[in-house]
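Listing of coords.txt; format and content: compact mmCIF, C-alpha atoms and all ligand atoms.
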# COMPACT_ATOMS: atom_id res chain seq x y z
CA MET A 1 205.25 -30.70 -251.20
CA GLN A 2 207.88 -31.55 -248.59
CA TYR A 3 207.46 -30.84 -244.88
CA PHE A 4 210.31 -29.97 -242.53
CA SER A 5 210.36 -30.13 -238.76
CA THR A 6 210.23 -26.81 -236.91
CA ASN A 7 213.05 -28.21 -234.72
CA ARG A 8 215.06 -28.90 -237.89
CA LYS A 9 216.60 -32.17 -236.72
CA SER A 10 214.30 -34.76 -238.29
CA PRO A 11 214.33 -35.54 -242.02
CA HIS A 12 211.86 -33.98 -244.45
CA ALA A 13 208.60 -35.81 -245.09
CA THR A 14 206.00 -36.01 -247.84
CA PHE A 15 202.37 -35.21 -246.99
CA LYS A 16 201.66 -38.92 -246.58
CA GLU A 17 204.63 -39.45 -244.27
CA ALA A 18 203.75 -36.38 -242.22
CA VAL A 19 200.13 -37.54 -241.79
CA LEU A 20 201.09 -41.07 -240.79
CA ARG A 21 203.80 -39.95 -238.39
CA GLY A 22 201.88 -37.05 -236.87
CA GLN A 23 204.92 -35.54 -235.23
CA PRO A 24 208.60 -35.65 -236.25
CA ASP A 25 210.95 -37.58 -233.91
CA ASP A 26 212.66 -34.36 -232.81
CA LYS A 27 209.32 -33.23 -231.28
CA GLY A 28 208.97 -30.26 -233.60
CA LEU A 29 205.94 -29.82 -235.87
CA TYR A 30 205.76 -30.49 -239.59
CA PHE A 31 205.71 -27.30 -241.63
CA PRO A 32 205.40 -26.92 -245.43
CA GLU A 33 208.64 -26.10 -247.23
CA SER A 34 206.92 -23.33 -249.17
CA ILE A 35 203.57 -21.60 -248.81
CA PRO A 36 201.65 -21.67 -252.11
CA LYS A 37 200.26 -18.43 -253.59
CA LEU A 38 196.74 -18.65 -254.94
CA SER A 39 196.22 -17.16 -258.40
CA ASN A 40 194.36 -13.98 -259.33
CA GLU A 41 191.83 -16.16 -261.16
CA PHE A 42 191.16 -18.08 -257.96
CA PHE A 43 190.17 -14.86 -256.19
CA ALA A 44 188.32 -13.43 -259.22
CA ASP A 45 186.19 -16.62 -259.36
CA LEU A 46 185.79 -17.04 -255.61
CA HIS A 47 182.19 -15.82 -255.44
CA GLU A 48 181.10 -18.29 -258.12
CA SER A 49 183.20 -21.22 -256.93
CA SER A 50 181.68 -24.06 -254.93
CA ASN A 51 183.02 -24.85 -251.48
CA GLU A 52 184.52 -28.12 -252.67
CA GLU A 53 186.31 -26.42 -255.57
CA ILE A 54 187.77 -23.85 -253.19
CA ALA A 55 188.88 -26.58 -250.77
CA TYR A 56 190.50 -28.54 -253.57
CA ASP A 57 192.38 -25.51 -254.94
CA VAL A 58 193.61 -24.54 -251.47
CA ILE A 59 194.77 -27.99 -250.32
CA GLY A 60 196.01 -29.39 -253.66
CA PRO A 61 199.58 -28.03 -253.46
CA TYR A 62 199.94 -29.23 -249.85
CA VAL A 63 198.96 -32.81 -250.68
CA GLY A 64 201.02 -33.01 -253.86
CA ASP A 65 201.06 -36.52 -255.30
CA SER A 66 200.32 -38.25 -251.98
CA ILE A 67 196.67 -38.65 -253.08
CA PRO A 68 195.42 -38.84 -256.71
CA ASN A 69 193.58 -35.65 -257.79
CA GLU A 70 190.24 -37.35 -258.30
CA ARG A 71 190.22 -38.92 -254.86
CA LEU A 72 191.41 -35.67 -253.30
CA PHE A 73 188.48 -33.84 -254.87
CA GLU A 74 186.07 -36.40 -253.40
CA ILE A 75 187.72 -36.09 -249.99
CA CYS A 76 187.30 -32.31 -250.14
CA ALA A 77 183.65 -32.63 -251.15
CA GLU A 78 182.93 -35.06 -248.30
CA THR A 79 184.79 -32.88 -245.81
CA VAL A 80 182.81 -29.69 -246.48
CA SER A 81 179.38 -31.20 -247.14
CA PHE A 82 177.59 -28.82 -244.77
CA SER A 83 177.10 -25.05 -244.66
CA PHE A 84 179.43 -22.31 -243.40
CA PRO A 85 177.16 -19.25 -243.21
CA LEU A 86 178.45 -15.79 -242.41
CA VAL A 87 175.76 -14.22 -240.22
CA ALA A 88 175.62 -10.52 -239.31
CA ILE A 89 175.41 -10.00 -235.53
CA SER A 90 175.84 -6.24 -235.17
CA GLU A 91 176.49 -3.44 -237.65
CA ASN A 92 180.22 -4.12 -237.72
CA ILE A 93 180.58 -7.72 -236.54
CA ALA A 94 179.56 -10.93 -238.29
CA ALA A 95 179.95 -14.56 -237.20
CA LEU A 96 181.27 -17.28 -239.46
CA GLU A 97 179.26 -20.18 -238.07
CA LEU A 98 181.46 -23.26 -238.03
CA PHE A 99 178.98 -25.41 -236.12
CA HIS A 100 176.82 -26.88 -238.86
CA GLY A 101 178.81 -30.11 -239.13
CA PRO A 102 177.92 -33.43 -237.48
CA THR A 103 179.34 -32.64 -234.02
CA LEU A 104 178.52 -28.92 -234.11
CA ALA A 105 182.11 -27.64 -233.92
CA PHE A 106 184.80 -26.47 -236.34
CA LYS A 107 186.91 -29.52 -235.52
CA ASP A 108 184.62 -31.53 -237.80
CA VAL A 109 186.45 -30.08 -240.82
CA GLY A 110 189.93 -31.22 -239.83
CA ALA A 111 188.71 -34.54 -238.45
CA ARG A 112 186.71 -35.40 -241.57
CA PHE A 113 189.59 -34.51 -243.86
CA MET A 114 192.16 -36.40 -241.83
CA SER A 115 190.05 -39.55 -241.47
CA ARG A 116 189.66 -39.83 -245.21
CA CYS A 117 193.36 -39.27 -245.81
CA LEU A 118 194.23 -42.00 -243.31
CA GLN A 119 191.73 -44.31 -244.92
CA HIS A 120 193.32 -43.69 -248.30
CA PHE A 121 196.79 -44.36 -246.89
CA SER A 122 195.66 -47.54 -245.14
CA LEU A 123 194.44 -49.14 -248.37
CA ASP A 124 197.85 -50.67 -248.99
CA ARG A 125 198.27 -52.02 -245.45
CA SER A 126 196.91 -55.20 -244.00
CA GLU A 127 196.91 -54.36 -240.29
CA LYS A 128 194.39 -52.07 -238.63
CA THR A 129 195.09 -48.51 -237.64
CA ILE A 130 194.02 -47.46 -234.16
CA VAL A 131 193.23 -43.80 -233.67
CA LEU A 132 193.60 -43.00 -229.98
CA VAL A 133 192.29 -39.66 -228.73
CA ALA A 134 192.16 -38.09 -225.31
CA THR A 135 189.48 -35.42 -225.19
CA SER A 136 188.16 -32.75 -222.88
CA GLY A 137 184.99 -32.64 -224.99
CA ASP A 138 185.03 -31.29 -228.53
CA THR A 139 187.93 -33.10 -230.15
CA GLY A 140 186.80 -36.61 -229.31
CA GLY A 141 183.34 -36.18 -230.81
CA ALA A 142 184.68 -34.71 -234.05
CA VAL A 143 187.35 -37.37 -234.43
CA ALA A 144 185.00 -40.25 -233.54
CA ASN A 145 182.42 -38.97 -235.98
CA GLY A 146 185.02 -38.29 -238.69
CA PHE A 147 186.36 -41.84 -238.46
CA PHE A 148 183.03 -43.56 -237.83
CA GLY A 149 182.55 -46.43 -240.25
CA VAL A 150 185.95 -45.88 -241.90
CA GLU A 151 187.23 -49.32 -242.88
CA GLY A 152 190.53 -50.53 -241.42
CA VAL A 153 190.41 -47.95 -238.64
CA GLU A 154 189.42 -48.47 -234.99
CA VAL A 155 188.82 -45.41 -232.84
CA VAL A 156 189.47 -45.40 -229.09
CA ILE A 157 188.38 -42.30 -227.19
CA LEU A 158 189.37 -41.44 -223.62
CA TYR A 159 187.36 -38.87 -221.74
CA PRO A 160 187.21 -37.82 -218.09
CA LYS A 161 184.04 -39.06 -216.34
CA ASP A 162 181.60 -36.27 -215.39
CA LYS A 163 183.80 -33.57 -216.95
CA VAL A 164 182.21 -33.15 -220.38
CA SER A 165 178.81 -31.62 -221.20
CA LYS A 166 175.65 -33.66 -221.79
CA VAL A 167 175.69 -33.17 -225.56
CA GLN A 168 179.41 -33.87 -225.77
CA GLU A 169 179.01 -37.08 -223.79
CA LEU A 170 176.23 -38.28 -226.07
CA GLN A 171 178.35 -37.51 -229.11
CA LEU A 172 181.21 -39.52 -227.60
CA THR A 173 179.28 -42.55 -226.43
CA THR A 174 176.48 -43.29 -228.89
CA LEU A 175 178.23 -44.09 -232.17
CA GLY A 176 179.20 -47.74 -231.59
CA GLY A 177 180.64 -49.59 -234.59
CA ASN A 178 184.38 -49.00 -234.86
CA VAL A 179 184.32 -46.44 -232.02
CA THR A 180 185.15 -47.56 -228.46
CA THR A 181 184.70 -44.99 -225.72
CA LEU A 182 186.52 -45.19 -222.41
CA GLU A 183 185.16 -43.22 -219.50
CA LEU A 184 188.10 -42.60 -217.24
CA HIS A 185 187.91 -42.12 -213.48
CA GLY A 186 190.24 -39.15 -213.52
CA THR A 187 191.00 -35.83 -215.20
CA PHE A 188 191.66 -34.81 -218.79
CA ASP A 189 195.36 -34.68 -217.95
CA ASP A 190 195.18 -38.37 -216.89
CA CYS A 191 193.53 -39.20 -220.22
CA GLN A 192 196.20 -37.35 -222.13
CA ALA A 193 199.05 -38.93 -220.18
CA LEU A 194 197.72 -42.43 -220.89
CA ALA A 195 197.24 -41.71 -224.59
CA LYS A 196 200.74 -40.27 -224.90
CA ARG A 197 202.22 -43.26 -223.16
CA ALA A 198 200.50 -45.69 -225.53
CA ILE A 199 201.63 -43.78 -228.60
CA ALA A 200 205.22 -43.69 -227.31
CA ASP A 201 205.18 -47.39 -226.32
CA ALA A 202 207.56 -48.95 -228.86
CA ASP A 203 206.68 -52.52 -227.85
CA LEU A 204 202.99 -51.90 -228.26
CA GLN A 205 203.53 -50.13 -231.59
CA LYS A 206 205.22 -53.29 -232.88
CA GLU A 207 201.93 -55.10 -232.48
CA VAL A 208 199.51 -52.42 -233.56
CA PHE A 209 199.81 -49.07 -235.38
CA ILE A 210 198.45 -46.36 -233.08
CA THR A 211 198.12 -42.73 -234.11
CA SER A 212 196.70 -39.77 -232.25
CA ALA A 213 194.77 -37.69 -234.81
CA ASN A 214 195.51 -34.67 -232.64
CA SER A 215 195.48 -31.09 -233.79
CA ILE A 216 199.16 -30.93 -234.69
CA ASN A 217 198.68 -33.41 -237.53
CA VAL A 218 198.98 -31.57 -240.86
CA ALA A 219 195.85 -33.32 -242.13
CA ARG A 220 193.84 -31.66 -239.37
CA TRP A 221 195.67 -28.36 -239.44
CA LEU A 222 195.78 -27.46 -243.15
CA PRO A 223 192.10 -27.97 -244.15
CA GLN A 224 191.08 -25.42 -241.52
CA GLN A 225 192.10 -22.81 -244.08
CA PHE A 226 189.05 -23.66 -246.19
CA TYR A 227 186.47 -21.73 -244.22
CA TYR A 228 188.49 -18.53 -244.10
CA PHE A 229 187.99 -18.48 -247.88
CA TYR A 230 184.28 -19.23 -247.40
CA ALA A 231 184.12 -16.18 -245.13
CA LEU A 232 185.69 -14.00 -247.81
CA LYS A 233 183.33 -15.44 -250.42
CA GLN A 234 180.42 -14.05 -248.36
CA TRP A 235 182.13 -10.83 -247.23
CA GLN A 236 181.51 -7.42 -248.75
CA GLY A 237 183.75 -4.38 -248.48
CA GLU A 238 187.24 -3.78 -247.19
CA PRO A 239 189.23 -6.76 -245.83
CA PRO A 240 187.91 -7.84 -242.42
CA VAL A 241 189.53 -7.98 -239.01
CA ILE A 242 189.24 -11.66 -238.03
CA SER A 243 188.99 -12.67 -234.38
CA VAL A 244 189.75 -16.32 -233.62
CA PRO A 245 189.00 -17.96 -230.25
CA SER A 246 192.30 -19.69 -229.58
CA GLY A 247 193.56 -22.53 -227.39
CA ASN A 248 196.17 -24.61 -229.16
CA PHE A 249 196.37 -21.99 -231.94
CA GLY A 250 195.85 -24.44 -234.81
CA ASN A 251 192.80 -22.63 -236.11
CA LEU A 252 194.47 -19.23 -236.05
CA ALA A 253 197.69 -20.60 -237.58
CA SER A 254 195.68 -21.92 -240.53
CA GLY A 255 194.06 -18.50 -241.03
CA VAL A 256 197.44 -16.81 -241.06
CA LEU A 257 198.63 -19.39 -243.58
CA ALA A 258 195.62 -18.60 -245.80
CA ASN A 259 196.52 -14.92 -245.51
CA ILE A 260 200.07 -15.59 -246.75
CA SER A 261 198.52 -17.48 -249.68
CA GLY A 262 196.63 -14.33 -250.64
CA LEU A 263 193.49 -14.14 -248.49
CA PRO A 264 192.89 -10.40 -247.85
CA VAL A 265 192.67 -9.74 -244.10
CA ALA A 266 193.08 -6.40 -242.28
CA ARG A 267 194.35 -8.02 -239.11
CA PHE A 268 193.95 -11.13 -236.97
CA ILE A 269 193.09 -11.13 -233.30
CA ALA A 270 194.10 -14.08 -231.15
CA ALA A 271 191.27 -14.13 -228.62
CA CYS A 272 192.27 -16.08 -225.50
CA ASN A 273 190.60 -16.72 -222.16
CA ALA A 274 192.49 -16.48 -218.85
CA ASN A 275 195.10 -18.81 -220.33
CA ASP A 276 197.17 -15.90 -221.56
CA VAL A 277 200.60 -17.29 -222.49
CA VAL A 278 200.41 -15.77 -225.97
CA PRO A 279 199.03 -12.33 -224.96
CA GLN A 280 201.81 -12.21 -222.36
CA PHE A 281 204.34 -13.12 -225.03
CA PHE A 282 203.13 -10.20 -227.17
CA GLU A 283 203.74 -7.85 -224.27
CA SER A 284 207.04 -9.13 -222.94
CA GLY A 285 208.60 -10.97 -225.89
CA GLU A 286 209.07 -13.95 -223.59
CA TYR A 287 207.22 -17.20 -224.15
CA LYS A 288 206.48 -18.73 -220.76
CA PRO A 289 204.23 -21.82 -220.71
CA LYS A 290 202.15 -22.29 -217.56
CA ALA A 291 199.72 -24.82 -216.13
CA SER A 292 196.27 -24.30 -217.63
CA VAL A 293 193.39 -22.85 -215.62
CA SER A 294 189.71 -23.82 -216.05
CA THR A 295 187.40 -21.33 -217.72
CA LEU A 296 183.95 -21.14 -219.31
CA SER A 297 185.56 -21.60 -222.74
CA ASN A 298 187.12 -24.90 -221.72
CA ALA A 299 188.23 -26.02 -225.19
CA MET A 300 190.72 -23.15 -224.96
CA ASP A 301 192.17 -24.02 -221.54
CA VAL A 302 195.68 -24.56 -222.80
CA GLY A 303 198.81 -23.49 -220.95
CA ASP A 304 201.36 -24.28 -223.66
CA PRO A 305 199.69 -23.95 -227.08
CA SER A 306 201.19 -26.58 -229.35
CA ASN A 307 200.55 -24.85 -232.68
CA PHE A 308 201.94 -21.44 -231.77
CA VAL A 309 205.37 -22.41 -233.15
CA ARG A 310 203.73 -22.62 -236.56
CA ILE A 311 202.69 -18.98 -236.31
CA LEU A 312 206.22 -18.03 -235.31
CA GLU A 313 207.50 -20.04 -238.27
CA ILE A 314 205.17 -18.22 -240.69
CA PHE A 315 206.63 -14.90 -239.52
CA ASP A 316 210.22 -16.19 -239.41
CA GLN A 317 210.29 -15.64 -235.61
CA ASN A 318 210.08 -11.88 -236.24
CA LEU A 319 208.06 -10.32 -233.41
CA THR A 320 207.65 -6.98 -235.20
CA ASP A 321 206.09 -8.63 -238.28
CA LEU A 322 203.96 -10.76 -236.01
CA LYS A 323 202.58 -7.74 -234.19
CA THR A 324 201.84 -5.90 -237.45
CA ASN A 325 199.51 -8.70 -238.54
CA LEU A 326 198.22 -10.05 -235.28
CA GLY A 327 197.00 -8.86 -231.90
CA ALA A 328 196.51 -11.08 -228.85
CA VAL A 329 194.20 -10.43 -225.91
CA SER A 330 192.98 -12.25 -222.83
CA ILE A 331 189.28 -12.09 -221.89
CA SER A 332 188.07 -13.05 -218.41
CA ASP A 333 185.14 -15.36 -217.63
CA GLU A 334 183.27 -12.35 -216.30
CA GLN A 335 183.70 -10.50 -219.59
CA THR A 336 182.75 -13.66 -221.49
CA ALA A 337 179.47 -14.09 -219.61
CA GLU A 338 178.69 -10.37 -219.82
CA THR A 339 179.26 -10.49 -223.59
CA MET A 340 176.98 -13.52 -223.99
CA ARG A 341 174.22 -11.67 -222.14
CA SER A 342 174.59 -8.37 -223.96
CA VAL A 343 174.80 -9.95 -227.43
CA LYS A 344 171.66 -11.96 -226.63
CA ASN A 345 169.83 -8.87 -225.37
CA ASP A 346 171.01 -6.39 -227.99
CA PHE A 347 171.12 -8.57 -231.10
CA ASP A 348 169.14 -11.68 -230.20
CA TYR A 349 172.13 -13.88 -231.02
CA VAL A 350 173.27 -16.68 -228.71
CA LEU A 351 177.05 -16.98 -228.61
CA ASP A 352 178.80 -19.97 -227.13
CA PRO A 353 181.52 -19.11 -224.57
CA HIS A 354 184.34 -19.53 -227.14
CA GLY A 355 182.67 -17.29 -229.70
CA ALA A 356 181.95 -14.80 -226.92
CA VAL A 357 185.67 -14.50 -226.15
CA ALA A 358 186.28 -13.71 -229.81
CA PHE A 359 183.36 -11.27 -229.96
CA ARG A 360 184.56 -9.34 -226.93
CA ALA A 361 188.13 -9.15 -228.22
CA LEU A 362 186.88 -7.88 -231.58
CA SER A 363 184.39 -5.35 -230.25
CA ASP A 364 187.04 -3.90 -227.92
CA TYR A 365 189.37 -3.55 -230.90
CA LEU A 366 186.75 -1.97 -233.18
CA GLU A 367 185.92 0.62 -230.55
CA LYS A 368 189.40 2.00 -231.14
CA GLU A 369 189.24 1.46 -234.92
CA PRO A 370 185.67 2.48 -235.79
CA SER A 371 186.29 2.63 -239.54
CA GLN A 372 186.94 -1.11 -239.69
CA LYS A 373 184.62 -4.12 -239.67
CA GLY A 374 185.27 -7.68 -238.70
CA LEU A 375 184.14 -11.22 -238.15
CA ILE A 376 184.54 -13.85 -235.49
CA LEU A 377 184.85 -17.56 -235.95
CA GLU A 378 181.94 -19.04 -233.99
CA THR A 379 183.69 -22.34 -233.32
CA ALA A 380 180.91 -24.37 -231.66
CA HIS A 381 177.15 -24.38 -231.17
CA PRO A 382 176.04 -23.01 -227.76
CA VAL A 383 173.98 -26.12 -227.08
CA LYS A 384 177.24 -28.02 -226.49
CA PHE A 385 178.02 -26.11 -223.30
CA ASP A 386 175.94 -26.59 -220.17
CA SER A 387 176.95 -23.16 -218.80
CA VAL A 388 175.12 -21.22 -221.54
CA LYS A 389 171.65 -21.81 -220.12
CA ASP A 390 172.55 -20.32 -216.73
CA ILE A 391 174.36 -17.37 -218.23
CA ILE A 392 171.66 -16.22 -220.65
CA GLY A 393 168.81 -17.45 -218.45
CA GLU A 394 167.11 -19.62 -221.02
CA GLN A 395 167.41 -23.03 -222.62
CA VAL A 396 169.32 -23.16 -225.90
CA ALA A 397 167.20 -24.57 -228.72
CA VAL A 398 168.48 -27.99 -229.79
CA PRO A 399 169.25 -28.11 -233.53
CA ASP A 400 167.23 -30.70 -235.45
CA SER A 401 170.39 -32.41 -236.60
CA ILE A 402 171.17 -33.71 -233.10
CA LYS A 403 167.68 -34.21 -231.68
CA ASN A 404 167.91 -37.97 -232.19
CA LEU A 405 171.07 -38.08 -230.02
CA PHE A 406 168.90 -37.82 -226.93
CA SER A 407 167.16 -41.10 -227.69
CA CYS A 408 170.43 -43.00 -228.32
CA GLU A 409 171.86 -45.31 -225.72
CA LYS A 410 175.11 -44.35 -224.04
CA VAL A 411 177.74 -47.07 -224.29
CA SER A 412 181.11 -46.68 -222.58
CA ILE A 413 183.69 -48.70 -220.70
CA GLU A 414 184.64 -47.22 -217.34
CA ILE A 415 188.33 -47.57 -216.54
CA GLU A 416 190.74 -46.50 -213.83
CA PRO A 417 193.64 -44.29 -214.92
CA GLU A 418 195.97 -47.26 -215.26
CA TYR A 419 198.08 -47.94 -218.32
CA GLU A 420 197.65 -51.71 -218.30
CA ALA A 421 193.88 -51.35 -218.54
CA LEU A 422 194.19 -49.16 -221.63
CA LYS A 423 196.82 -51.39 -223.22
CA GLU A 424 194.64 -54.45 -222.90
CA ILE A 425 191.77 -52.72 -224.67
CA LEU A 426 194.03 -51.47 -227.46
CA LEU A 427 195.40 -54.96 -228.12
CA GLU A 428 191.90 -56.36 -228.07
CA ARG A 429 190.66 -53.79 -230.59
CA SER A 430 193.59 -54.37 -232.95
CA LYS A 431 192.37 -57.90 -233.75
C1 LIG B 1 189.32 -26.54 -230.03
C2 LIG B 1 188.45 -25.36 -229.87
C3 LIG B 1 188.95 -24.04 -229.90
C4 LIG B 1 190.42 -23.75 -229.96
O1 LIG B 1 190.97 -24.01 -231.25
P1 LIG B 1 192.56 -24.11 -231.40
O2 LIG B 1 192.78 -24.48 -232.83
O3 LIG B 1 193.02 -25.16 -230.43
O4 LIG B 1 193.12 -22.76 -231.05
C5 LIG B 1 188.06 -22.99 -229.84
N1 LIG B 1 186.73 -23.21 -229.73
C6 LIG B 1 186.21 -24.45 -229.67
C7 LIG B 1 184.74 -24.61 -229.53
C8 LIG B 1 187.04 -25.57 -229.76
O5 LIG B 1 186.50 -26.81 -229.72

Is it possible to give me this structure as structure tokens?
Amino acid sequence: MQYFSTNRKSPHATFKEAVLRGQPDDKGLYFPESIPKLSNEFFADLHESSNEEIAYDVIGPYVGDSIPNERLFEICAETVSFSFPLVAISENIAALELFHGPTLAFKDVGARFMSRCLQHFSLDRSEKTIVLVATSGDTGGAVANGFFGVEGVEVVILYPKDKVSKVQELQLTTLGGNVTTLELHGTFDDCQALAKRAIADADLQKEVFITSANSINVARWLPQQFYYFYALKQWQGEPPVISVPSGNFGNLASGVLANISGLPVARFIAACNANDVVPQFFESGEYKPKASVSTLSNAMDVGDPSNFVRILEIFDQNLTDLKTNLGAVSISDEQTAETMRSVKNDFDYVLDPHGAVAFRALSDYLEKEPSQKGLILETAHPVKFDSVKDIIGEQVAVPDSIKNLFSCEKVSIEIEPEYEALKEILLERSK
């Protein structure tokens, strides 16, 4: 498979080149030259197929000969080695729970897949790879965990001091080993600016290979298709309406891609919080990025969603086609909190704020289309967000899998938002 740049100025790349580069020089995004169609046998066998077999069949054509088949199968198996249950919430809405991985969020899937690809590609290199990630909470934990213990790779995480939740902070600061965590006296935007500067620093890159592992990398984007097929494997009846809590739109773009490959879906809903650039675009036809605003569903506080161009690319920039397959709505914090309370009271199910945005968007839609049924992607466990307790008025039960986190020691390096401080640490870690 070859990948082209959505800006069409940079040369084509193989899967391996696209993963190592992350982003083409022309600042577009890598996009597959053709979208594979899955066979009738694949769908006929879906209910009997294992999750790793499904993953392997879905991703195989995208990887091509960049990774030998046997190794790719192992990578798939390691990536999806936890459960993806579809749980009924109400009579017409189910949740695909994507929080059973090591850091309790869907980003585990992309991060685990990407880390193993990078490891495979670094086998024939002598120097270390540094993965540098700025995080507002969820991404850093998933990436750190995905790359933890991977040979030849050092992970450096930047997070804003006092601006992530308790569980997120523990996930970021307790791994040790090849993971270094920097606690920055500043905001997430400061973290991101520093990380971008390091990755763009040509002099520094001569001394050490630094990559970002961010959500535009094809190795994080493409494997997110897997669990849409796991949803269908567990679904009964007519094709579902699928509501996806969206920030950078990578998750939704992978679902739409799966749909083009044959996954039966009635319609997608892009469920956004107050950051409504895409819902506004659906109304006006004009795409106007804005500064992001803070909300309860903070992993979706994005003012210029980087992966939305991929959705436009899938639909050949045709707004009519886009609207036939996809709706986009903005849900306020008030509606989010109200939804968390009512779903807890009525169905005894605790949504996290991101899942609640998706639930509200879907239930509003189904009120107008009562003959249909749907599912939401529940993208993170509610225990990760400190706001949940106050909203539903009770403590969220801590899953067994992370109980030991609370007895681990936090280790971080506090730094000022100054480039030289970061650079010094990067050079140190490259040795
Ligand atoms: C990252 C994240 C999202 C948004 O996903 P995108 O692919 O950026 O649209 C939604 N929910 C949670 C919990 C997240 O961590």

Inset, instruction - Skip Ser115 of chain A itself and residues of its chain fewer than 6 positions away, then list as a PyMOL selection string all residues within 8 Å of it, counting only C-alpha atoms. - result: chain A and resi 143+146-147+150

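Across A:Ala202, A:Ala134, A:Asp57, A:Val244, the tightest approach to Asp45 of chain A is made by A:Asp57 when counting only C-alpha atoms.
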
Inset, instruction - Rank A:Lys196, A:Arg8, A:Lys389, A:Lys384 by their smallest atom-to-atom distance to ligand LIG 1 (chain B), using only C-alpha atoms and all ligand atoms, and report the top residue only. - result: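 Going through A:Lys196, A:Arg8, A:Lys389, A:Lys384 one by one, the smallest distance to ligand LIG 1 (chain B) is for A:Lys384.
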
Legend entry - ligand LIG 1 (chain B) neighbours within 7 Å using all atoms listed in the file, as a PyMOL selection string: chain A and resi 105-107+138-139+245-252+299-300+354+379-380

Legend entry - Proximity to Leu322 of chain A - best of A:Leu204, A:Ala77, A:Ala270, A:Leu362, only C-alpha atoms: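 Looking at the shortest contact to Leu322 of chain A, the residue is A:Ala270.
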